[in-house]
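Next up, protein-v3.cif (mmCIF, C-alpha atoms and all ligand atoms):
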data_data
loop_
_atom_site.group_PDB
_atom_site.id
_atom_site.type_symbol
_atom_site.label_atom_id
_atom_site.label_comp_id
_atom_site.auth_asym_id
_atom_site.auth_seq_id
_atom_site.Cartn_x
_atom_site.Cartn_y
_atom_site.Cartn_z
ATOM 1 C CA MET A 299 140.604 127.956 100.028
ATOM 2 C CA ILE A 300 140.530 128.071 103.839
ATOM 3 C CA ASP A 301 138.432 125.275 105.231
ATOM 4 C CA LYS A 302 136.834 126.181 108.515
ATOM 5 C CA THR A 303 134.502 123.345 109.207
ATOM 6 C CA THR A 304 132.770 123.040 112.550
ATOM 7 C CA GLU A 305 133.043 119.693 114.284
ATOM 8 C CA LEU A 306 130.569 117.070 113.106
ATOM 9 C CA ILE A 307 127.391 117.617 115.101
ATOM 10 C CA VAL A 308 124.991 114.722 115.555
ATOM 11 C CA VAL A 309 121.331 115.656 115.277
ATOM 12 C CA SER A 310 118.964 112.894 116.303
ATOM 13 C CA ASN A 311 115.558 112.489 117.890
ATOM 14 C CA LYS A 312 117.448 111.655 121.098
ATOM 15 C CA ASN A 313 119.030 115.069 121.558
ATOM 16 C CA LEU A 314 116.137 117.174 120.316
ATOM 17 C CA GLN A 315 112.773 117.616 121.929
ATOM 18 C CA SER A 316 110.976 118.390 118.702
ATOM 19 C CA ALA A 317 107.604 118.947 120.362
ATOM 20 C CA ALA A 318 109.017 121.777 122.445
ATOM 21 C CA ASN A 319 110.377 123.505 119.360
ATOM 22 C CA VAL A 320 107.260 123.785 117.257
ATOM 23 C CA ASP A 321 106.630 127.359 116.187
ATOM 24 C CA PHE A 322 105.436 128.933 112.990
ATOM 25 C CA TYR A 323 108.691 128.348 111.071
ATOM 26 C CA HIS A 324 108.961 124.764 112.144
ATOM 27 C CA HIS A 325 105.357 124.150 111.191
ATOM 28 C CA ASP A 326 105.876 125.728 107.779
ATOM 29 C CA ILE A 327 109.047 123.703 107.132
ATOM 30 C CA SER A 328 107.466 120.459 108.372
ATOM 31 C CA SER A 329 104.443 120.904 106.078
ATOM 32 C CA ALA A 330 106.661 121.550 103.070
ATOM 33 C CA LEU A 331 108.758 118.481 103.871
ATOM 34 C CA GLN A 332 105.683 116.262 103.850
ATOM 35 C CA THR A 333 105.248 116.744 100.102
ATOM 36 C CA THR A 334 107.958 114.336 98.921
ATOM 37 C CA LEU A 335 109.835 111.116 99.707
ATOM 38 C CA GLU A 336 112.797 111.969 97.467
ATOM 39 C CA PHE A 337 116.018 112.760 99.322
ATOM 40 C CA GLU A 338 117.199 115.440 96.915
ATOM 41 C CA GLU A 339 113.868 117.254 97.033
ATOM 42 C CA LEU A 340 113.736 117.081 100.834
ATOM 43 C CA ILE A 341 117.187 118.637 101.163
ATOM 44 C CA ALA A 342 116.378 121.299 98.556
ATOM 45 C CA ILE A 343 113.113 122.239 100.302
ATOM 46 C CA PHE A 344 114.792 122.373 103.692
ATOM 47 C CA CYS A 345 117.642 124.567 102.495
ATOM 48 C CA THR A 346 115.318 126.952 100.667
ATOM 49 C CA LYS A 347 113.109 127.271 103.755
ATOM 50 C CA ILE A 348 115.994 128.021 106.139
ATOM 51 C CA GLN A 349 117.856 130.378 103.772
ATOM 52 C CA GLN A 350 116.408 133.503 105.398
ATOM 53 C CA MET A 351 117.232 132.416 108.956
ATOM 54 C CA ILE A 352 120.581 130.802 108.193
ATOM 55 C CA PRO A 353 121.932 132.375 105.007
ATOM 56 C CA HIS A 354 124.256 129.998 103.156
ATOM 57 C CA LYS A 355 125.907 129.723 99.733
ATOM 58 C CA GLY A 356 126.044 126.000 99.226
ATOM 59 C CA ILE A 357 125.028 122.645 100.643
ATOM 60 C CA GLU A 358 126.175 119.064 100.304
ATOM 61 C CA TYR A 359 124.306 115.931 101.273
ATOM 62 C CA HIS A 360 125.920 112.491 101.500
ATOM 63 C CA ASN A 361 124.076 109.257 102.191
ATOM 64 C CA PRO A 362 126.260 106.159 101.688
ATOM 65 C CA GLU A 363 123.370 103.686 102.157
ATOM 66 C CA PHE A 364 121.767 104.882 98.907
ATOM 67 C CA ASP A 365 125.007 106.050 97.297
ATOM 68 C CA LEU A 366 123.756 109.657 97.250
ATOM 69 C CA ASN A 367 126.108 112.609 96.986
ATOM 70 C CA PHE A 368 124.587 115.871 95.903
ATOM 71 C CA LYS A 369 125.565 119.456 95.987
ATOM 72 C CA ARG A 370 123.708 122.745 95.462
ATOM 73 C CA GLY A 371 125.278 126.174 95.201
ATOM 74 C CA VAL A 372 128.989 126.723 95.732
ATOM 75 C CA SER A 373 131.685 125.613 98.150
ATOM 76 C CA ALA A 374 132.866 128.252 100.625
ATOM 77 C CA ALA A 375 135.463 128.731 103.363
ATOM 78 C CA TYR A 376 133.176 128.108 106.317
ATOM 79 C CA SER A 377 130.972 125.103 106.796
ATOM 80 C CA CYS A 378 129.020 123.252 109.456
ATOM 81 C CA ARG A 379 128.424 119.484 109.268
ATOM 82 C CA TYR A 380 125.563 117.489 110.711
ATOM 83 C CA ALA A 381 125.219 113.721 110.992
ATOM 84 C CA LEU A 382 121.462 113.099 110.973
ATOM 85 C CA LYS A 383 119.956 110.155 112.856
ATOM 86 C CA VAL A 384 116.725 108.770 114.216
ATOM 87 C CA GLU A 385 117.424 106.219 116.957
ATOM 88 C CA ASP A 386 120.344 104.255 115.500
ATOM 89 C CA GLN A 387 119.333 104.796 111.893
ATOM 90 C CA GLN A 388 121.840 106.922 109.951
ATOM 91 C CA LEU A 389 120.111 109.420 107.666
ATOM 92 C CA GLY A 390 123.145 110.939 105.997
ATOM 93 C CA GLU A 391 125.329 113.958 106.486
ATOM 94 C CA LEU A 392 124.362 117.548 105.657
ATOM 95 C CA ILE A 393 126.942 120.299 105.154
ATOM 96 C CA LEU A 394 126.098 124.011 104.872
ATOM 97 C CA MET A 395 128.722 126.383 103.456
ATOM 98 C CA ARG A 396 129.221 130.156 103.270
ATOM 99 C CA GLU A 397 131.912 132.845 103.236
ATOM 100 C CA HIS A 398 131.680 133.883 106.908
ATOM 101 C CA SER A 399 131.522 131.835 110.076
ATOM 102 C CA PHE A 400 128.345 130.444 111.627
ATOM 103 C CA SER A 401 127.655 131.967 115.055
ATOM 104 C CA GLY A 402 126.881 129.846 118.091
ATOM 105 C CA LYS A 403 123.332 131.187 118.072
ATOM 106 C CA GLU A 404 122.870 130.227 114.412
ATOM 107 C CA LEU A 405 124.175 126.737 115.051
ATOM 108 C CA GLN A 406 121.670 126.366 117.890
ATOM 109 C CA ILE A 407 118.792 127.485 115.645
ATOM 110 C CA LEU A 408 120.005 125.220 112.850
ATOM 111 C CA ALA A 409 120.098 122.210 115.152
ATOM 112 C CA ARG A 410 116.483 122.910 116.128
ATOM 113 C CA LEU A 411 115.404 123.384 112.512
ATOM 114 C CA LEU A 412 117.052 120.109 111.583
ATOM 115 C CA CYS A 413 114.635 118.298 113.854
ATOM 116 C CA CYS A 414 111.984 119.062 111.187
ATOM 117 C CA LEU A 415 114.129 117.269 108.611
ATOM 118 C CA ILE A 416 115.037 114.033 110.367
ATOM 119 C CA TYR A 417 111.608 112.346 110.373
ATOM 120 C CA PRO A 418 110.884 113.139 106.702
ATOM 121 C CA LEU A 419 114.377 111.778 105.931
ATOM 122 C CA ARG A 420 113.567 108.663 107.956
ATOM 123 C CA ASN A 421 110.326 108.210 105.955
ATOM 124 C CA ALA A 422 112.273 108.606 102.712
ATOM 125 C CA THR A 423 114.790 106.027 103.965
ATOM 126 C CA LEU A 424 112.045 103.489 104.791
ATOM 127 C CA PHE A 425 110.385 104.114 101.424
ATOM 128 C CA HIS A 426 113.605 103.652 99.458
ATOM 129 C CA GLN A 427 114.611 100.598 101.488
ATOM 130 C CA ALA A 428 111.237 99.012 100.643
ATOM 131 C CA LEU A 429 111.656 99.979 96.986
ATOM 132 C CA LYS A 430 115.131 98.460 96.949
ATOM 133 C CA MET A 431 113.810 95.198 98.403
ATOM 134 C CA ALA A 432 110.955 95.059 95.901
ATOM 135 C CA TYR A 433 113.458 95.555 93.085
ATOM 136 C CA THR A 434 116.110 93.101 94.237
ATOM 137 C CA ASP A 435 116.305 89.400 93.462
ATOM 138 C CA THR A 436 117.053 87.769 96.796
ATOM 139 C CA LEU A 437 119.031 84.827 95.417
ATOM 140 C CA THR A 438 121.462 86.650 93.127
ATOM 141 C CA LYS A 439 121.295 90.128 94.737
ATOM 142 C CA THR A 440 120.914 91.610 91.247
ATOM 143 C CA SER A 441 117.930 93.775 90.337
ATOM 144 C CA ASN A 442 114.830 91.852 89.284
ATOM 145 C CA ARG A 443 112.506 91.919 86.278
ATOM 146 C CA ALA A 444 110.349 94.766 87.634
ATOM 147 C CA ALA A 445 113.476 96.882 88.095
ATOM 148 C CA PHE A 446 114.580 95.926 84.566
ATOM 149 C CA TYR A 447 111.404 97.243 82.928
ATOM 150 C CA ASP A 448 111.513 100.458 84.968
ATOM 151 C CA CYS A 449 115.148 101.028 84.133
ATOM 152 C CA LEU A 450 114.641 100.170 80.447
ATOM 153 C CA GLN A 451 111.736 102.630 80.078
ATOM 154 C CA ARG A 452 113.844 105.343 81.727
ATOM 155 C CA GLU A 453 116.887 104.622 79.562
ATOM 156 C CA ILE A 454 114.838 104.546 76.341
ATOM 157 C CA LYS A 455 113.435 107.987 77.156
ATOM 158 C CA ARG A 456 116.922 109.265 77.934
ATOM 159 C CA VAL A 457 118.609 107.933 74.784
ATOM 160 C CA LYS A 458 115.782 109.183 72.573
ATOM 161 C CA ARG A 459 116.382 112.682 73.946
ATOM 162 C CA SER A 460 120.144 112.499 73.516
ATOM 163 C CA VAL A 461 120.201 110.331 70.349
ATOM 164 C CA GLN A 462 122.537 107.784 71.954
ATOM 165 C CA PRO A 463 122.429 104.080 71.096
ATOM 166 C CA LEU A 464 121.114 101.496 73.555
ATOM 167 C CA SER A 465 121.448 97.720 73.436
ATOM 168 C CA LEU A 466 120.219 94.687 75.353
ATOM 169 C CA VAL A 467 121.971 91.394 75.983
ATOM 170 C CA PHE A 468 119.896 88.370 76.989
ATOM 171 C CA VAL A 469 121.868 85.589 78.666
ATOM 172 C CA ASP A 470 120.241 82.180 79.208
ATOM 173 C CA LEU A 471 122.233 79.391 80.860
ATOM 174 C CA ASP A 472 122.454 76.203 78.812
ATOM 175 C CA ASP A 473 120.983 72.929 80.053
ATOM 176 C CA PHE A 474 120.462 74.374 83.481
ATOM 177 C CA LYS A 475 117.741 71.848 84.299
ATOM 178 C CA ALA A 476 120.427 69.148 84.111
ATOM 179 C CA ILE A 477 122.450 70.922 86.831
ATOM 180 C CA ASN A 478 119.420 70.939 89.137
ATOM 181 C CA ASP A 479 118.532 67.355 88.261
ATOM 182 C CA THR A 480 122.073 66.038 88.682
ATOM 183 C CA TYR A 481 123.389 68.011 91.661
ATOM 184 C CA GLY A 482 120.258 69.417 93.291
ATOM 185 C CA HIS A 483 118.528 72.757 93.568
ATOM 186 C CA GLU A 484 121.035 74.095 96.065
ATOM 187 C CA CYS A 485 123.805 73.652 93.510
ATOM 188 C CA GLY A 486 121.609 75.323 90.857
ATOM 189 C CA ASP A 487 121.106 78.275 93.188
ATOM 190 C CA MET A 488 124.846 78.552 93.745
ATOM 191 C CA VAL A 489 125.465 78.589 89.990
ATOM 192 C CA LEU A 490 122.881 81.355 89.482
ATOM 193 C CA ALA A 491 124.456 83.512 92.181
ATOM 194 C CA ALA A 492 127.948 82.936 90.754
ATOM 195 C CA VAL A 493 126.879 83.767 87.185
ATOM 196 C CA ALA A 494 125.178 86.970 88.395
ATOM 197 C CA ASN A 495 128.450 87.933 90.018
ATOM 198 C CA TRP A 496 130.532 87.165 86.888
ATOM 199 C CA LEU A 497 128.115 89.203 84.766
ATOM 200 C CA THR A 498 128.273 92.178 87.102
ATOM 201 C CA VAL A 499 132.070 92.107 87.047
ATOM 202 C CA SER A 500 132.124 91.610 83.276
ATOM 203 C CA VAL A 501 130.133 94.732 82.321
ATOM 204 C CA ARG A 502 130.930 98.402 82.964
ATOM 205 C CA GLY A 503 129.641 100.100 86.099
ATOM 206 C CA SER A 504 127.136 102.137 84.093
ATOM 207 C CA ASP A 505 125.585 99.006 82.563
ATOM 208 C CA ALA A 506 123.009 97.239 84.672
ATOM 209 C CA VAL A 507 122.583 93.482 85.180
ATOM 210 C CA PHE A 508 119.136 92.080 86.004
ATOM 211 C CA ARG A 509 117.775 88.616 86.694
ATOM 212 C CA TYR A 510 114.987 88.376 84.140
ATOM 213 C CA GLY A 511 113.680 85.139 85.613
ATOM 214 C CA GLY A 512 114.764 81.520 86.198
ATOM 215 C CA GLU A 513 118.171 81.035 84.610
ATOM 216 C CA GLU A 514 117.864 84.080 82.379
ATOM 217 C CA PHE A 515 119.708 87.387 82.865
ATOM 218 C CA VAL A 516 119.577 90.617 80.916
ATOM 219 C CA VAL A 517 122.078 93.455 80.656
ATOM 220 C CA ILE A 518 121.157 96.983 79.560
ATOM 221 C CA LEU A 519 124.093 98.457 77.646
ATOM 222 C CA CYS A 520 123.853 102.245 77.787
ATOM 223 C CA ASP A 521 125.359 104.271 74.940
ATOM 224 C CA THR A 522 126.336 101.056 73.118
ATOM 225 C CA ASP A 523 125.619 100.449 69.440
ATOM 226 C CA ALA A 524 125.094 97.097 67.690
ATOM 227 C CA ASP A 525 128.816 96.499 67.038
ATOM 228 C CA GLY A 526 129.760 97.310 70.629
ATOM 229 C CA ALA A 527 126.947 95.151 71.969
ATOM 230 C CA ARG A 528 128.057 92.137 69.901
ATOM 231 C CA VAL A 529 131.596 92.483 71.264
ATOM 232 C CA ILE A 530 130.326 92.705 74.866
ATOM 233 C CA ALA A 531 127.926 89.791 74.369
ATOM 234 C CA GLU A 532 130.775 87.654 73.038
ATOM 235 C CA ARG A 533 132.932 88.670 76.013
ATOM 236 C CA ILE A 534 130.124 87.705 78.418
ATOM 237 C CA ARG A 535 129.678 84.333 76.701
ATOM 238 C CA LYS A 536 133.424 83.620 76.822
ATOM 239 C CA ASP A 537 133.662 84.745 80.475
ATOM 240 C CA ILE A 538 130.906 82.353 81.524
ATOM 241 C CA ALA A 539 132.403 79.443 79.554
ATOM 242 C CA ALA A 540 135.883 80.160 80.974
ATOM 243 C CA HIS A 541 134.766 79.802 84.589
ATOM 244 C CA THR A 542 134.569 76.402 86.226
ATOM 245 C CA MET A 543 132.761 75.898 89.495
ATOM 246 C CA ALA A 544 133.376 73.303 92.144
ATOM 247 C CA TYR A 545 130.375 71.707 93.824
ATOM 248 C CA ASP A 546 130.897 68.890 96.258
ATOM 249 C CA ARG A 547 133.634 66.937 94.460
ATOM 250 C CA HIS A 548 132.397 67.835 90.998
ATOM 251 C CA LEU A 549 133.643 70.422 88.546
ATOM 252 C CA LEU A 550 130.831 72.140 86.685
ATOM 253 C CA SER A 551 131.231 73.756 83.285
ATOM 254 C CA ILE A 552 128.632 76.355 82.502
ATOM 255 C CA THR A 553 127.792 77.894 79.165
ATOM 256 C CA ALA A 554 125.168 80.371 78.028
ATOM 257 C CA SER A 555 123.294 81.266 74.880
ATOM 258 C CA VAL A 556 123.235 84.986 74.293
ATOM 259 C CA GLY A 557 120.895 87.237 72.272
ATOM 260 C CA VAL A 558 121.545 90.877 71.401
ATOM 261 C CA SER A 559 119.266 93.679 70.205
ATOM 262 C CA THR A 560 119.884 97.371 69.603
ATOM 263 C CA LEU A 561 117.156 100.005 69.859
ATOM 264 C CA MET A 562 115.795 101.160 66.503
ATOM 265 C CA ALA A 563 114.191 104.530 65.828
ATOM 266 C CA GLN A 564 110.619 104.638 67.204
ATOM 267 C CA GLU A 565 111.028 101.213 68.820
ATOM 268 C CA HIS A 566 109.382 100.443 72.182
ATOM 269 C CA ALA A 567 110.739 98.465 75.113
ATOM 270 C CA ASP A 568 108.608 95.370 74.439
ATOM 271 C CA SER A 569 109.833 94.995 70.884
ATOM 272 C CA LEU A 570 113.482 95.492 71.910
ATOM 273 C CA VAL A 571 113.101 92.785 74.578
ATOM 274 C CA LYS A 572 111.353 90.408 72.167
ATOM 275 C CA ARG A 573 114.138 90.751 69.600
ATOM 276 C CA ALA A 574 116.861 90.002 72.163
ATOM 277 C CA ASP A 575 114.870 87.044 73.493
ATOM 278 C CA ALA A 576 114.253 85.688 69.977
ATOM 279 C CA ALA A 577 117.971 86.043 69.161
ATOM 280 C CA MET A 578 118.808 84.111 72.321
ATOM 281 C CA TYR A 579 116.454 81.283 71.276
ATOM 282 C CA ARG A 580 118.131 81.225 67.873
ATOM 283 C CA ALA A 581 121.491 80.791 69.645
ATOM 284 C CA LYS A 582 119.960 77.796 71.510
ATOM 285 C CA LYS A 583 118.712 76.261 68.283
ATOM 286 C CA LEU A 584 122.084 76.713 66.590
ATOM 287 C CA GLY A 585 123.730 74.568 69.270
ATOM 288 C CA ARG A 586 123.986 76.782 72.416
ATOM 289 C CA ASN A 587 127.083 78.560 73.811
ATOM 290 C CA GLN A 588 126.950 81.251 71.128
ATOM 291 C CA VAL A 589 125.798 84.792 70.419
ATOM 292 C CA CYS A 590 123.044 85.746 67.956
ATOM 293 C CA VAL A 591 121.958 89.244 66.998
ATOM 294 C CA GLY A 592 118.252 90.139 66.753
HETATM 295 N N1 LIG B 601 118.136 76.099 91.326
HETATM 296 C C1 LIG B 601 117.286 76.896 90.705
HETATM 297 N N2 LIG B 601 116.737 76.513 89.536
HETATM 298 C C2 LIG B 601 115.892 77.339 88.913
HETATM 299 C C3 LIG B 601 115.546 78.591 89.446
HETATM 300 N N3 LIG B 601 114.680 79.185 88.592
HETATM 301 C C4 LIG B 601 114.497 78.340 87.567
HETATM 302 N N4 LIG B 601 115.227 77.203 87.737
HETATM 303 C C5 LIG B 601 115.300 76.014 86.911
HETATM 304 O O1 LIG B 601 115.893 76.308 85.671
HETATM 305 C C6 LIG B 601 115.560 75.226 84.787
HETATM 306 C C7 LIG B 601 115.318 75.794 83.420
HETATM 307 O O2 LIG B 601 115.156 74.683 82.578
HETATM 308 P P1 LIG B 601 114.780 74.811 81.059
HETATM 309 O O3 LIG B 601 113.872 75.960 80.833
HETATM 310 O O4 LIG B 601 114.323 73.465 80.607
HETATM 311 O O5 LIG B 601 116.114 75.207 80.346
HETATM 312 P P2 LIG B 601 117.536 74.534 80.315
HETATM 313 O O6 LIG B 601 117.603 73.204 80.994
HETATM 314 O O7 LIG B 601 118.512 75.569 80.778
HETATM 315 O O8 LIG B 601 117.715 74.250 78.777
HETATM 316 P P3 LIG B 601 118.050 75.320 77.642
HETATM 317 O O9 LIG B 601 117.640 76.670 78.138
HETATM 318 O O10 LIG B 601 117.245 74.884 76.462
HETATM 319 O O11 LIG B 601 119.507 75.247 77.403
HETATM 320 C C8 LIG B 601 114.334 74.537 85.378
HETATM 321 O O12 LIG B 601 114.722 73.259 85.841
HETATM 322 C C9 LIG B 601 113.952 75.413 86.547
HETATM 323 O O13 LIG B 601 113.439 74.671 87.635
HETATM 324 C C10 LIG B 601 116.123 78.961 90.705
HETATM 325 O O14 LIG B 601 115.895 80.041 91.260
HETATM 326 N N5 LIG B 601 116.987 78.093 91.291
#
Take the structure I supplied and represent it as structure tokens, if you would.
Amino acid sequence: MIDKTTELIVVSNKNLQSAANVDFYHHDISSALQTTLEFEELIAIFCTKIQQMIPHKGIEYHNPEFDLNFKRGVSAAYSCRYALKVEDQQLGELILMREHSFSGKELQILARLLCCLIYPLRNATLFHQALKMAYTDTLTKTSNRAAFYDCLQREIKRVKRSVQPLSLVFVDLDDFKAINDTYGHECGDMVLAAVANWLTVSVRGSDAVFRYGGEEFVVILCDTDADGARVIAERIRKDIAAHTMAYDRHLLSITASVGVSTLMAQEHADSLVKRADAAMYRAKKLGRNQVCVG
């Protein structure tokens, strides 16, 4: 396919006098864009609204900050690309595609129409940044307990629709109080951050690691049955025990007790969590540094 892409055009509040461009179309588009803070919906609304003025066959939107890459319609030979910004804040890149070239006049109109999109995109960015902060544990940079429950509810709904298995792995560091008491809180914090990192590396990209609280982590294993979960839990336990950490002039050995549960038919999130937690406590009682299945 021939690729005739116009140069990347930057659209920002600095090069557009939005107030001067308000007419009926702009007003209509702006009102429609006020109905959502979701990036994908904003782009879809915008593209639907401009379709009559700037006919196009496909669009792409990329926003590296939120790892967003979506596409509607089809790719085509001609495209125009816009980097969207408000002040110095990057709001992603929008690409419109079709089978014939975009005229200079169309590109001018499009640049003006895009001024309706940048502030709603900025609002969506602020909203999602705030959401990200509320869902992130500052010490370990993993997602926190609130994010865990949201994600678990979502995943349970999804697997019930698709009849896929789902498992949980609870990981609780052994004798962690002794690390704090012996080497200080700062050392304890360092251990927590390191373990979060080992866990994240140890599980697949599609599985999510969360700090459940204190020295307890939980991993949601998507599309993983009881046998698979036991294997992964054992791998996690071994990985943690295999690492040694240096603090000051001391070598620290860390172990964890691990509990596993797999979603049963009709089971709710709370019960799944309780079973994994109870299994983890059983692993503690049996001597720590081991895996138990709930
Ligand atoms: N450094 C640090 N310590 C924390 C943090 N959150 C919780 N803790 C500590 O984690 C320790 C947990 O201790 P316990 O619940 O007695 O458990 P444990 O010593 O790991 O013993 P077992 O779980 O029975 O193996 C407490 O001393 C808490 O103060 C944190 O963010 N940073």
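Near region 425-437 of chain A, within a cut-off of 9 Å and counting all atoms listed in the file, sit the residues Leu335, Glu336, Phe364, Arg420, Asn421, Ala422, Thr440, Ser441, Asn442, Arg443, Ala444, Ala445, Phe446, Asp487, Met488, Leu490, Ala491, Phe508 and Arg509 of chain A, with same-chain residues fewer than 3 positions away left out.
Listed by chain and then by number, the residues chosen by the PyMOL selection byres (((chain A and resi 399) around 6) and not hetatm) in this file are Tyr376, His398 and Phe400 of chain A.
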Residue by residue, what does the PyMOL selection byres (((not hetatm)) within 6 of (chain B and resi 601)) grab here? Present the result as a PDB file with C-alpha atoms, in the coordinates of the input.
ATOM      1  CA  LEU A 471     122.233  79.391  80.860  1.00  0.00           C
ATOM      2  CA  ASP A 472     122.454  76.203  78.812  1.00  0.00           C
ATOM      3  CA  ASP A 473     120.983  72.929  80.053  1.00  0.00           C
ATOM      4  CA  PHE A 474     120.462  74.374  83.481  1.00  0.00           C
ATOM      5  CA  LYS A 475     117.741  71.848  84.299  1.00  0.00           C
ATOM      6  CA  ALA A 476     120.427  69.148  84.111  1.00  0.00           C
ATOM      7  CA  ASN A 478     119.420  70.939  89.137  1.00  0.00           C
ATOM      8  CA  HIS A 483     118.528  72.757  93.568  1.00  0.00           C
ATOM      9  CA  GLU A 484     121.035  74.095  96.065  1.00  0.00           C
ATOM     10  CA  GLY A 486     121.609  75.323  90.857  1.00  0.00           C
ATOM     11  CA  ASP A 487     121.106  78.275  93.188  1.00  0.00           C
ATOM     12  CA  GLY A 512     114.764  81.520  86.198  1.00  0.00           C
ATOM     13  CA  GLU A 513     118.171  81.035  84.610  1.00  0.00           C
TER      14      GLU A 513
END
Result set, the PyMOL selection byres (((chain A and resi 369) around 7) and not hetatm) on current file, as a tab-separated table (two decimals) with C-alpha atoms, keeping the file's coordinate frame:
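result23.tsv, freshly written:
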chain	number	residue	atom	x	y	z
A	357	ILE	CA	125.03	122.64	100.64
A	358	GLU	CA	126.18	119.06	100.30
A	359	TYR	CA	124.31	115.93	101.27
A	367	ASN	CA	126.11	112.61	96.99
A	368	PHE	CA	124.59	115.87	95.90
A	370	ARG	CA	123.71	122.74	95.46
A	371	GLY	CA	125.28	126.17	95.20
Gap from CA of Ser500 (chain A) to CA of Glu532 (chain A) - Å, one decimal: 11.1 Å
CA of Ile352 (chain A) to CA of Gln406 (chain A), distance in Å rounded to a single decimal: 10.7 Å
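Using only C-alpha atoms for every distance, the candidate list A:Glu305, A:Asp568, A:Glu339, A:Glu397 yields A:Glu397 as the residue closest to Ala374 (chain A).
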d(CA of Gln332 (chain A), CA of Gln451 (chain A)) in Å: 28.1 Å
Distance query region 389-395 of chain A at most 7 Å, only C-alpha atoms, self and fewer than 2 positions along chain excluded, as a list in words: His354, Lys355, Gly356, Ile357, Glu358, Tyr359, His360, Asn361, Ser373, Ala374, Tyr376, Ser377, Cys378, Arg379, Tyr380, Ala381, Leu382, Lys383, Gln387, Leu419 and Arg420 of chain A
Around all of region 529-538 of chain A's listed atoms, make the axis-aligned box with 4 Å on each side and tell me centre and edge lengths in Å to one decimal, as lines of an AutoDock Vina configuration file.
center_x = 130.8
center_y = 87.5
center_z = 76.4
size_x = 13.7
size_y = 18.4
size_z = 18.3
Distance query region 576-589 of chain A at most 12 Å, all atoms listed in the file, self and fewer than 2 positions along chain excluded, as a PyMOL selection string: chain A and resi 466-474+514-516+527-540+551-560+569-574+591-592
Selected residue, from A:Cys345, A:Val372, A:Cys520, A:Leu549, that lies nearest to Arg456 (chain A) when counting only C-alpha atoms: A:Cys520
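If only C-alpha atoms are the atoms counted, then among A:Leu306, A:Leu340, A:Val499, A:Ala375 the closest residue to Tyr417 (chain A) is A:Leu340.
Restricting the calculation to only C-alpha atoms, the smallest distance between Ile454 (chain A) and any of A:Glu338, A:Glu565, A:Asp326, A:Asp523 is found for A:Glu565.
Proximity of A:Ser465, A:Ile341, A:Asp546, A:Ile407 to Thr480 (chain A), computed with only C-alpha atoms, is greatest for A:Asp546.
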